[in-house]
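Chemist: Sharing a structure, written as C-alpha cells. Questions coming.
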Amino acid sequence: MRSVLWIIVIFFACIYACKEEKVKQEYKQLRLGEFASIIKKDSNDLKLVSVVDGSCSICIVNFLELNENLLKYKKKWDLPVYYIVMTGDTLIFHVNLKKFNPELAGKIILDTNYRMLDSNFLFKQSNIDLFLIDNENNIHASGNPFNDKSIYHQYTKEMK
C-alpha cells in the first residue's frame, strides 16, 4: 500500500514539474499586440515592460514601489521603461495615481480592454510584472529584480 502511495505522489510531482516547464518554455516572447508599435518606436535594443493591473489597489501600490526602484536604477541601467496598465476605468486609475503624484521612470500605456491579459496566458499563472525584452519582444529576463537577487543578476547579465 505504501509503495502505491509513493508512486502516486511521484506521478503527480512529475506532472506538476512538466506543467511548470511548459509554461516557462511557452512564454519566451511577450505578446504586445497593438502596443508593439508604441514600444518598437524606441531604438534601444532592450526595454523594460511592466504590466500592471490598474484596477487593483494592491497592484497600484506594488507598481509605485517598482517605479521607485526603477527610478533609482534609471541612470545605471539606461533602459526605456513602459508600464502597460490594464484598467477598465482609466479615471479611477488616474485618481489613484494622483494621490501619490509619483515621478515616473517610464511611459504609461493604457490597456482598457485587458488585451495583455488575453494575449499572455502567463499573467494568469504568475505574478511576474516586469520583463526585459528585445526589439522582437523576446523575453531575456522576467520577474521583479528588486525582490530577488538571482533575478537581479539575471537582468544585469542580460544588460551587458
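Going through the C-alpha cells in order, the chains are called A, B, and so on, while each chain numbers its residues from 1 and the ligands are numbered from 1 in the order shown.
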Skip Lys107 in chain A itself and residues of its chain fewer than 2 positions away, then list as a ChimeraX atom specification all residues within 12 Å of it, counting only C-alpha atoms.

Modeler: /A:38-39,42,47-51,67,79-85,103-105,109-110

Chemist: Residues as selected, N, CA and C atoms, written as a short mmCIF file (atom, residue, chain, number, x, y, z; two decimals), in the first residue's frame, can you do that?

Modeler:
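Result saved to again_28.cif:
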data_model
loop_
_atom_site.label_atom_id
_atom_site.label_comp_id
_atom_site.auth_asym_id
_atom_site.auth_seq_id
_atom_site.Cartn_x
_atom_site.Cartn_y
_atom_site.Cartn_z
N ILE A 38 4.02 51.00 -30.39
CA ILE A 38 4.43 52.09 -29.48
C ILE A 38 5.81 51.80 -28.91
N ILE A 39 6.01 50.59 -28.46
CA ILE A 39 7.27 50.21 -27.82
C ILE A 39 8.39 50.06 -28.84
N ASP A 42 11.01 52.88 -29.94
CA ASP A 42 12.23 53.13 -29.19
C ASP A 42 13.39 52.40 -29.84
N LYS A 47 14.45 46.76 -23.59
CA LYS A 47 13.45 47.62 -22.96
C LYS A 47 12.89 46.89 -21.75
N LEU A 48 12.43 47.66 -20.78
CA LEU A 48 11.72 47.10 -19.63
C LEU A 48 10.23 47.35 -19.82
N VAL A 49 9.44 46.29 -19.70
CA VAL A 49 7.99 46.41 -19.82
C VAL A 49 7.37 45.84 -18.56
N SER A 50 6.58 46.65 -17.90
CA SER A 50 5.87 46.21 -16.70
C SER A 50 4.38 46.19 -17.02
N VAL A 51 3.73 45.13 -16.62
CA VAL A 51 2.29 45.00 -16.82
C VAL A 51 1.63 45.16 -15.46
N ASN A 67 8.20 51.29 -9.51
CA ASN A 67 8.57 52.54 -10.17
C ASN A 67 9.67 53.26 -9.39
N LEU A 79 17.75 52.18 -19.61
CA LEU A 79 16.80 51.48 -20.47
C LEU A 79 15.45 52.19 -20.46
N PRO A 80 14.76 52.19 -21.58
CA PRO A 80 13.41 52.74 -21.58
C PRO A 80 12.47 51.82 -20.80
N VAL A 81 11.54 52.43 -20.10
CA VAL A 81 10.58 51.68 -19.28
C VAL A 81 9.18 51.99 -19.79
N TYR A 82 8.39 50.94 -19.94
CA TYR A 82 6.99 51.08 -20.35
C TYR A 82 6.11 50.37 -19.34
N TYR A 83 5.10 51.07 -18.86
CA TYR A 83 4.11 50.48 -17.97
C TYR A 83 2.84 50.27 -18.77
N ILE A 84 2.45 49.03 -18.97
CA ILE A 84 1.17 48.76 -19.62
C ILE A 84 0.17 48.52 -18.51
N VAL A 85 -0.74 49.47 -18.36
CA VAL A 85 -1.71 49.44 -17.26
C VAL A 85 -3.04 48.93 -17.79
N GLU A 103 6.90 60.61 -9.52
CA GLU A 103 7.69 60.81 -10.73
C GLU A 103 7.77 59.43 -11.37
N LEU A 104 7.52 59.35 -12.65
CA LEU A 104 7.51 58.04 -13.31
C LEU A 104 8.83 57.76 -14.01
N ALA A 105 9.26 56.51 -13.92
CA ALA A 105 10.50 56.08 -14.56
C ALA A 105 10.28 55.80 -16.04
N ILE A 109 1.13 53.22 -20.76
CA ILE A 109 0.28 52.85 -21.90
C ILE A 109 -0.96 52.19 -21.30
N LEU A 110 -2.13 52.74 -21.59
CA LEU A 110 -3.36 52.20 -21.01
C LEU A 110 -3.94 51.09 -21.89
#

Chemist: As a list in words, list the residues of range 57-103 of chain A assigned to strand (DSSP E) by DSSP on the backbone atoms of this structure.

Modeler: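 So, restricting range 57-103 of chain A to strand (DSSP E), we get Val81, Tyr82, Tyr83, Ile84, Val85 and Met86 of chain A.
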
Chemist: Contacts of Phe93 in chain A at 6 Å or less, counting only C-alpha atoms, minus same-chain residues fewer than 3 places along, as a list in words?

Modeler: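 The filter keeps Gly54, Thr90 and Asn96 of chain A.
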
Chemist: Please measure the separation of CA of Glu136 in chain A and CA of Gly88 in chain A, giving the value in Å to one decimal.

Modeler: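 That distance, rounded to one decimal, is 28.0 Å.
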
Chemist: Expressed in Å to a single decimal, how great is the separation between CA of Met159 in chain A and CA of Met116 in chain A?

Modeler: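 Separation of CA of Met159 in chain A and CA of Met116 in chain A: 24.7 Å.
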
Chemist: What's the separation between CA of Tyr155 in chain A and CA of Ser142 in chain A, in Å to one decimal place?

Modeler: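 Straight-line distance from CA of Tyr155 in chain A to CA of Ser142 in chain A works out to 8.0 Å.
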
Chemist: Given only C-alpha atoms as the basis, pick out the residue of A:Phe100, A:Phe146, A:Trp77, A:Tyr114 nearest to Glu158 in chain A.

Modeler: A:Trp77

Chemist: Name the residues of range 25-100 of chain A that come out as alpha helix (DSSP H) in a backbone DSSP run; write them as a VMD selection string.

Modeler: chain A and resid 25 to 26 36 to 40 57 to 77 90 to 100

Chemist: Please determine, counting only C-alpha atoms, which residue among A:Thr112, A:Ser119, A:Asn69, A:Asn135 has the shortest atom-to-atom distance to Asp89 in chain A.

Modeler: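 Of the candidates, the smallest distance to Asp89 in chain A is held by A:Thr112.
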
Chemist: Nearest to Cys59 in chain A among A:Ile139, A:Ile133, A:Leu97, A:Leu71, with distances taken over only C-alpha atoms: which residue is it?

Modeler: A:Leu97
